[in-house]
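Asks: Quick one: this structure, given as structure tokens, is what I'll be asking you about.
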Number of protein chains: 2
Amino acid sequence: MQKKIPYRTYLREDQLPKYWYNLRTVMKEDVPPMLNPGTGKPMTFEELSAVFSEECVKQELDSATEYVEIPEEVRHIYTEYRPSPLVRAYNVEKALNTPAKIYYKFEGNNTSGSHKLNSAIPQAYYAKKQGLKGLTTETGAGQWGTAVSEACSYFGLDLDVFMVKVSYEQKPFRKTLMRVFGGKVVASPSDTTEAGKKILEINPATGGSLGCAISEAVEAAVTREGYRYVLGSVLNHVLLHQSVIGLECETALKLYDEYPDIVIGCAGGGSNLGGLIAPFMRDKITGKANPEIIAVEPMSCPSFTRGSYAYDFCDTGRITPLAKMYTLGSGFIPSPDHAGGLRFHGMSPILSKLYHDGYMKAVAVKQTEVFKAAVEFAKLETILPAPESSHAIYVAMQEAIKCRETGEAKTILFGLTGTGFFDMTAYESYLNGTMKDHAISDEDIKAGLSTLPKVE
Amino acid sequence: MQKKIPYRTYLREDQLPKYWYNLRTVMKEDVPPMLNPGTGKPMTFEELSAVFSEECVKQELDSATEYVEIPEEVRHIYTEYRPSPLVRAYNVEKALNTPAKIYYKFEGNNTSGSHKLNSAIPQAYYAKKQGLKGLTTETGAGQWGTAVSEACSYFGLDLDVFMVKVSYEQKPFRKTLMRVFGGKVVASPSDTTEAGKKILEINPATGGSLGCAISEAVEAAVTREGYRYVLGSVLNHVLLHQSVIGLECETALKLYDEYPDIVIGCAGGGSNLGGLIAPFMRDKITGKANPEIIAVEPMSCPSFTRGSYAYDFCDTGRITPLAKMYTLGSGFIPSPDHAGGLRFHGMSPILSKLYHDGYMKAVAVKQTEVFKAAVEFAKLETILPAPESSHAIYVAMQEAIKCRETGEAKTILFGLTGTGFFDMTAYESYLNGTMKDHAISDEDIKAGLSTLPKVE
């Protein structure tokens with residue numbers, strides 16, 4: 001008799017992983033190194049340490065340590081909201097009349113409302129351990145800024161958040177939430193940095209951009225004694241921290257002798273997807289299993305599906321190192337879209353390499369389809385999903401429908417990265433029928449890619 | 001050796017209670033019956049059935065059945081978010097340097113963001129079972145309206161929500177959330193009911209009130225074939241459904257051989273408090289244990305601490321039956337306060353009777369103190385509490401501080417009824433220092449009580 005699988009599986013506290021898994025160590029070819037745009041040479045520990053905390057840089061450059069110990073202090077805070085539930089989506093299965101078994105890992109049960117806290121905590125912890133005074137960061141949609149505010153509050157670190165001005169004005173509640181945790185939030189571009197002042201001089205009415213906010217946050221870190229910058233996605237050490245998501249999934253699924261045939265995650269910079277797939281991609285690379293791995297991105301910012309695999313800046317201000325990644329060009333302007341967390345021109349170098357080498361596929365989807373799936377999911381599963389997460393929901397539902405058609409009882413796992421409580425304007429526009437899908441023309445793509453730097 | 005108590009205890013799905021507990025059955029004297037204001041006689045099953053579903057009326061009048069079976073369909077939906085976690089507040093204990101052991105039951109892990117779903121689900125279920133087409137209700141703060149929207153979405157019931165106009169305008173996102181689940185939300189007073197039209201004629205600019213919204217919702221139910229009205233607090237059957245909270249606490253605490261010395265809950269209409277204390281109050285009445293039970297109310301609406309124990313209307317429109325309760329008078333106007341869910345002039349008749357008979361105490365607290373505790377709690381516990389819930393947090397912290405002073409290692413349990421994601425305006429005003437405490441003068445109290453009806 002098959003074991004009865006509960007609706008939500010909560011692992012015990014002592015089943016929380018003690019190590020993060022470094023996916024990079026199992027890759028047949030290593031990720032190309034970040035380059036110094038001035039010299040064209042790989043970024044050194046010293047160069048990176050001026051921007052990030054030393055431990056994060058060590059992890060960023062580490063392609064040898066397979067399992068990295070999670071510090072006890074970090075595990076302690078993880079236990080306040082982890083292990084996060086693995087949910088069997090019985091209601092979705094029933095509604096779609098599919099033989100597929102659908103699971104999702106829900107990361108929204110913390111105040112930041114998303115998986116971002118998984119990396120914010122260790123990044124703040126390492127900064128504190130290094131004796132730093134504070135951190136700086138940027139935020140677009142606001143989940144990352146909230147997570148860092150929470151983490152800095154735990155460790156008594158000062159925090160300056162540069163929030164893209166248009167988001168700052170459109171999402172005042174996000175700003176308040178960060179303030180609850182003591183984060184100081186300024187609208188970017190601001191007059192608190194040289195980078196910001198320069199941009200305001202040229203265009204005083206600008207609504208800002210993620211690229212500009214990154215420039216300001218980096219400047220605010222490197223020009224002040226005892227400050228460093230933190231980033232919530234893209235980088236190798238962020239994916240390392242997020243592996244806790246996938247490792248918990250693996251442990252929970254083993255309880256039921258389950259293994260996913262398909263693993264699905266939304267992809268903006270790649271932190272959630274990279275973390276979710278970590279153990280399953282390891283098995284795929286080593287030949288132990290062969291799950292299908294699908295990245296879902298918005299049609300409005302299709303880095304994987306229409307970008308180039310090339311060295312590019314991580315910001316539009318072109319002050320960061322160069323990373324080899326799928327990119328639409330740092331000058332690419334994504335069309336307006338409600339999944340703010342997925343509007344990055346580039347992609348994690350680890351995921352980019354894996355995609356390039358054929359280990360995973362990617363699909364780009366329309367936001368109206370995504371919101372249709374989100375509303376259906378909310379009604380069935382008593383969770384209001386974030387727009388970002390809903391990209392994965394939509395594709396999971398599509399795969400489950402395919403199973404209905406073929407009669408295959410596939411096991412589908414997807415990442416439900418967060419909740420949509422701060423995205424009600426987006427839901428409103430969907431419900432009112434005013435939401436549009438924004439097609440990106442070949443000319444837009446060409447214009448973005450024309451901003452790629454020349455690298456020998 | 002004492003067992004290691006985890007940070008969060010999630011009971012297994014099969015530990016979800018199979019029965020609700022009817023606290024009324026153990027009371028030494030029964031709750032005085034609701035009266036028909038026209039005849040002065042106890043409301044009959046037939047009279048109440050015109051307004052509520054038959055099963056809810058049966059439960060409302062039932063003082064004999066100690067354990068009421070939770071229908072399987074209701075348990076199925078409960079398992080999507082229950083058993084809810086019982087959290088050991090290690091971080092709060094440490095921050096307060098108290099020997100007290102603090103536990104809280106967290107009910108915010110569902111889309112409605114509060115415990116309200118526990119009663120919305122059975123109320124919708126019974127309506128469906130009775131073959132009704134739809135339901136009507138009112139909502140102030142919006143948690144109840146959201147919960148009923150979710151519940152009606154599950155059972156395919158039509159729903160009209162009358163939302164107090166001032167809330168409708170101040171909290172547009174709450175309205176959107178209800179719409180996600182298919183709830184039709186109108187600002188009250190509206191021109192869709194005679195009651196609403198009458199009020200608008202007299203005062204076209206009114207921002208509405210809970211009392212007016214109740215009048216409209218009841219009218220919209222009784223004047224349409226196949227519709228009934230649902231209420232989210234105060235009534236006996238609502239407290240019955242909410243007993244699931246306390247029963248789960250009891251089971252989880254038993255795992256660690258724990259029993260609360262103090263049980264604390266916020267009290268507006270009493271649904272959360274009545275549910276949380278159910279098994280502990282039972283033990284207190286039967287003499288099995290002697291926990292201290294504390295109701296926390298806002299100073300701006302102090303029903304227990306400054307009200308009278310008297311028969312009163314449940315609404316300001318004076319169209320409901322009369323209930324014997326602690327009340328400030330249906331004409332009492334609470335001063336502006338951010339804990340919208342606690343701004344009801346009356347109180348659950350069951351809790352009122354217990355309070356009157358000396359089984360529990362009540363305290364009234366200032367909202368600035370409450371928000372100070374809320375912000376501290378958020379930083380320590382990675383949960384942004386609702387303003388309502390924060391009343392209980394504040395008093396729990398005060399009790400823990402007393403323990404520090406006396407050296408007593410008391411076990412404190414409080415109810416964390418929900419999250420504050422839709423209350424950011426309140427947090428903003430606290431952080432900005434613009435939040436005020438509103439004193440209620442003796443004259444205000446007298447004016448409210450002067451509206452009490454004369455009952456023989």
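Identifiers in this document derive from the order of the structure tokens: chains are assigned A, B, ..., residues are numbered from 1 separately in each chain, and ligands are numbered from 1 in order of occurrence.
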Counting only C-alpha atoms, which residues from chain B have an atom at most 8 Å from any atom of chain A, and could you show them as a VMD selection string?
Replies: chain B and resid 6 to 8 10 13 79 to 81 109 to 111 150 153 to 154 173 176 to 177 179 to 181 375 378 to 384 421 to 422 424 to 425 427 to 428 431
Asks: Taking the chain letters and numbering used in this document, name the residues of segment 128-158 of chain B that DSSP puts in strand (DSSP E), as a PyMOL selection string.
Replies: chain B and resi 134-139+158
Asks: For a test of reading the model, state the distance in Å between atom CA of Phe313 of chain B and atom CA of Ile121 of chain B, rounded to one decimal.
Replies: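 So the answer is 26.0 Å.
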Asks: Extract the full set of alpha helix (DSSP H) residues from segment 117-327 of chain B according to DSSP on the backbone, and format it as JSON, numbers by chain.
Replies: {"B": [117, 118, 119, 120, 121, 122, 123, 124, 125, 126, 127, 128, 129, 143, 144, 145, 146, 147, 148, 149, 150, 151, 152, 153, 154, 155, 165, 166, 167, 168, 169, 170, 172, 173, 174, 175, 176, 177, 178, 179, 180, 194, 195, 196, 197, 198, 199, 200, 201, 202, 210, 211, 212, 213, 214, 215, 216, 217, 218, 219, 220, 221, 222, 236, 237, 238, 239, 240, 241, 242, 243, 244, 245, 246, 247, 248, 249, 250, 251, 252, 253, 254, 271, 272, 273, 274, 275, 276, 277, 278, 279, 280, 281, 282, 283, 284, 285, 286, 303, 304, 305, 306]}
Asks: Tell me, as JSON, numbers by chain, which residues lie within 12 Å of Leu273 of chain A, counting only C-alpha atoms; anything in the same chain fewer than 6 positions away does not count.
Replies: {"A": [105, 115, 116, 233, 234, 238, 239, 240, 241, 242, 243, 244, 245, 246, 263, 264, 265, 266, 267, 279, 280, 281, 293, 294, 295, 296, 297, 342, 347, 348, 350, 351, 352, 360, 362, 388, 389, 391, 392, 413, 414, 415, 416, 417]}
Asks: Extract, using only C-alpha atoms, all DNA, RNA and protein residues at most 12 Å from Pro32 of chain A, discarding same-chain residues fewer than 4 positions from it, and format them as a ChimeraX atom specification.
Replies: /A:24,27,41-43,61,63,236,309-311,322-325,348-354
Asks: What is the atom CA of Ala124 of chain A to atom CA of Val148 of chain A distance in Å?
Replies: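 Separation between atom CA of Ala124 of chain A and atom CA of Val148 of chain A: 7.4 Å.
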Asks: I'd like a table as JSON lines: residues in segment 35-154 of chain B with an atom no more than 10 Å from segment 395-408 of chain B, each row giving the shortest atom pair and its distance in Å to one decimal, only C-alpha atoms counted, sorted by chain and rising residue number.
Replies:
{"residue": "B:Val92", "atom": "CA", "partner": "B:Met397", "partner_atom": "CA", "distance": 8.0}
{"residue": "B:Glu93", "atom": "CA", "partner": "B:Ala400", "partner_atom": "CA", "distance": 7.7}
{"residue": "B:Leu96", "atom": "CA", "partner": "B:Ile401", "partner_atom": "CA", "distance": 6.6}
{"residue": "B:Asn97", "atom": "CA", "partner": "B:Arg404", "partner_atom": "CA", "distance": 6.8}
{"residue": "B:Thr98", "atom": "CA", "partner": "B:Arg404", "partner_atom": "CA", "distance": 4.5}
{"residue": "B:Pro99", "atom": "CA", "partner": "B:Arg404", "partner_atom": "CA", "distance": 6.0}
{"residue": "B:Ala100", "atom": "CA", "partner": "B:Ala400", "partner_atom": "CA", "distance": 5.6}
{"residue": "B:Lys101", "atom": "CA", "partner": "B:Ala400", "partner_atom": "CA", "distance": 8.1}
{"residue": "B:Ile102", "atom": "CA", "partner": "B:Ala400", "partner_atom": "CA", "distance": 7.8}
{"residue": "B:Tyr103", "atom": "CA", "partner": "B:Ala396", "partner_atom": "CA", "distance": 9.4}
{"residue": "B:Tyr104", "atom": "CA", "partner": "B:Ala396", "partner_atom": "CA", "distance": 9.5}
Asks: Export, as a short mmCIF file (atom, residue, chain, number, x, y, z; two decimals), in the first residue's frame, the selected residues with N, CA and C atoms.
Replies:
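What follows is the written file selection_32.cif:
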data_model
loop_
_atom_site.label_atom_id
_atom_site.label_comp_id
_atom_site.auth_asym_id
_atom_site.auth_seq_id
_atom_site.Cartn_x
_atom_site.Cartn_y
_atom_site.Cartn_z
N VAL B 92 12.06 36.06 21.64
CA VAL B 92 11.44 37.04 22.54
C VAL B 92 11.89 36.79 23.97
N GLU B 93 11.89 35.52 24.35
CA GLU B 93 12.34 35.17 25.71
C GLU B 93 13.74 35.72 25.96
N LEU B 96 13.92 39.54 26.14
CA LEU B 96 13.34 40.08 27.39
C LEU B 96 14.09 39.55 28.62
N ASN B 97 14.99 38.63 28.39
CA ASN B 97 15.77 38.05 29.48
C ASN B 97 14.84 37.54 30.59
N THR B 98 13.87 36.76 30.15
CA THR B 98 12.83 36.30 31.09
C THR B 98 12.94 34.80 31.30
N PRO B 99 12.65 34.32 32.51
CA PRO B 99 12.60 32.87 32.71
C PRO B 99 11.30 32.26 32.18
N ALA B 100 10.36 33.11 31.76
CA ALA B 100 9.09 32.60 31.23
C ALA B 100 9.30 31.85 29.94
N LYS B 101 8.44 30.85 29.70
CA LYS B 101 8.42 30.16 28.42
C LYS B 101 7.23 30.70 27.64
N ILE B 102 7.52 31.26 26.47
CA ILE B 102 6.45 31.90 25.71
C ILE B 102 6.13 31.09 24.46
N TYR B 103 4.87 30.78 24.28
CA TYR B 103 4.40 30.10 23.07
C TYR B 103 3.35 30.96 22.40
N TYR B 104 3.32 30.89 21.06
CA TYR B 104 2.17 31.50 20.40
C TYR B 104 1.66 30.62 19.28
#
Asks: In Å, with one decimal, what is the gap from atom CA of Lys133 of chain A to atom CA of Glu72 of chain A?
Replies: 21.3 Å
Asks: Ranking A:Ala50, A:Ala187, A:Ala409, A:Cys301 by minimum distance to Val166 of chain A and counting only C-alpha atoms, which one comes first?
Replies: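 Closest to Val166 of chain A of all the choices is A:Ala187.
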Asks: For Asp444 of chain A, list every protein, DNA or RNA residue within 10 Å, evaluated using only C-alpha atoms, and leave out those in the same chain fewer than 4 positions away; present the list as a list of chain:residue names.
Replies: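 So the residues in contact are A:Leu328, A:Phe332, A:Ile333, A:Pro334, A:Ser335, A:Ala439, A:Ile440, A:Gly448, A:Leu449, A:Ser450.
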Asks: Emit the selected residues as a compact mmCIF listing (two decimals), in the first residue's frame, including all heavy atoms.
Replies:
# COMPACT_ATOMS: atom_id res chain seq x y z
N LEU A 328 20.44 39.94 -22.43
CA LEU A 328 19.79 40.73 -23.50
C LEU A 328 20.56 42.03 -23.71
O LEU A 328 20.15 42.88 -24.48
CB LEU A 328 18.35 41.03 -23.09
CG LEU A 328 17.47 39.78 -22.97
CD1 LEU A 328 16.25 40.05 -22.10
CD2 LEU A 328 17.04 39.29 -24.35
N PHE A 332 19.42 46.75 -22.44
CA PHE A 332 18.07 46.29 -22.81
C PHE A 332 17.03 46.87 -21.86
O PHE A 332 17.22 46.89 -20.64
CB PHE A 332 18.01 44.76 -22.74
CG PHE A 332 16.63 44.21 -22.98
CD1 PHE A 332 16.10 44.13 -24.27
CD2 PHE A 332 15.84 43.78 -21.92
CE1 PHE A 332 14.83 43.62 -24.49
CE2 PHE A 332 14.56 43.28 -22.14
CZ PHE A 332 14.05 43.20 -23.43
N ILE A 333 15.94 47.36 -22.44
CA ILE A 333 14.88 47.90 -21.58
C ILE A 333 13.67 46.98 -21.65
O ILE A 333 12.98 46.93 -22.67
CB ILE A 333 14.52 49.33 -22.02
CG1 ILE A 333 15.81 50.17 -21.98
CG2 ILE A 333 13.43 49.91 -21.11
CD1 ILE A 333 15.67 51.63 -22.20
N PRO A 334 13.43 46.22 -20.56
CA PRO A 334 12.28 45.31 -20.58
C PRO A 334 10.98 46.10 -20.64
O PRO A 334 10.90 47.20 -20.08
CB PRO A 334 12.40 44.55 -19.26
CG PRO A 334 13.26 45.38 -18.38
CD PRO A 334 14.13 46.21 -19.26
N SER A 335 9.99 45.57 -21.32
CA SER A 335 8.71 46.28 -21.37
C SER A 335 8.02 46.15 -20.01
O SER A 335 8.32 45.25 -19.24
CB SER A 335 7.84 45.70 -22.48
OG SER A 335 7.59 44.35 -22.22
N ALA A 439 4.79 42.61 -26.33
CA ALA A 439 5.66 41.87 -27.24
C ALA A 439 7.00 42.60 -27.35
O ALA A 439 7.05 43.83 -27.37
CB ALA A 439 5.01 41.76 -28.61
N ILE A 440 8.06 41.84 -27.37
CA ILE A 440 9.39 42.41 -27.58
C ILE A 440 9.74 42.13 -29.03
O ILE A 440 9.75 40.97 -29.47
CB ILE A 440 10.43 41.72 -26.65
CG1 ILE A 440 10.02 41.86 -25.18
CG2 ILE A 440 11.82 42.26 -26.89
CD1 ILE A 440 10.19 43.22 -24.59
N GLY A 448 19.18 45.89 -27.59
CA GLY A 448 19.76 45.48 -26.31
C GLY A 448 21.12 44.83 -26.51
O GLY A 448 22.10 45.20 -25.86
N LEU A 449 21.17 43.88 -27.44
CA LEU A 449 22.41 43.13 -27.64
C LEU A 449 23.53 44.01 -28.20
O LEU A 449 24.71 43.71 -28.01
CB LEU A 449 22.16 41.93 -28.57
CG LEU A 449 21.25 40.83 -27.98
CD1 LEU A 449 20.99 39.73 -29.00
CD2 LEU A 449 21.86 40.24 -26.71
N SER A 450 23.15 45.12 -28.84
CA SER A 450 24.18 46.02 -29.39
C SER A 450 24.95 46.72 -28.27
O SER A 450 26.00 47.31 -28.51
CB SER A 450 23.54 47.05 -30.32
OG SER A 450 22.82 48.01 -29.54
Asks: List as a count of residues only the protein and nucleic acid residues near Gly134 of chain B, meaning an atom at most 8 Å away when only C-alpha atoms are counted, but skip any in the same chain fewer than 2 places from it.
Replies: 10
Asks: Go through A:Leu86, A:Val26, A:Ile445, A:Val57 one by one, measure the shortest atom-to-atom distance of each to Thr44 of chain A using only C-alpha atoms, and give the residue with the smallest value.
Replies: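 Counting only C-alpha atoms, the residue closest to Thr44 of chain A is A:Val57.
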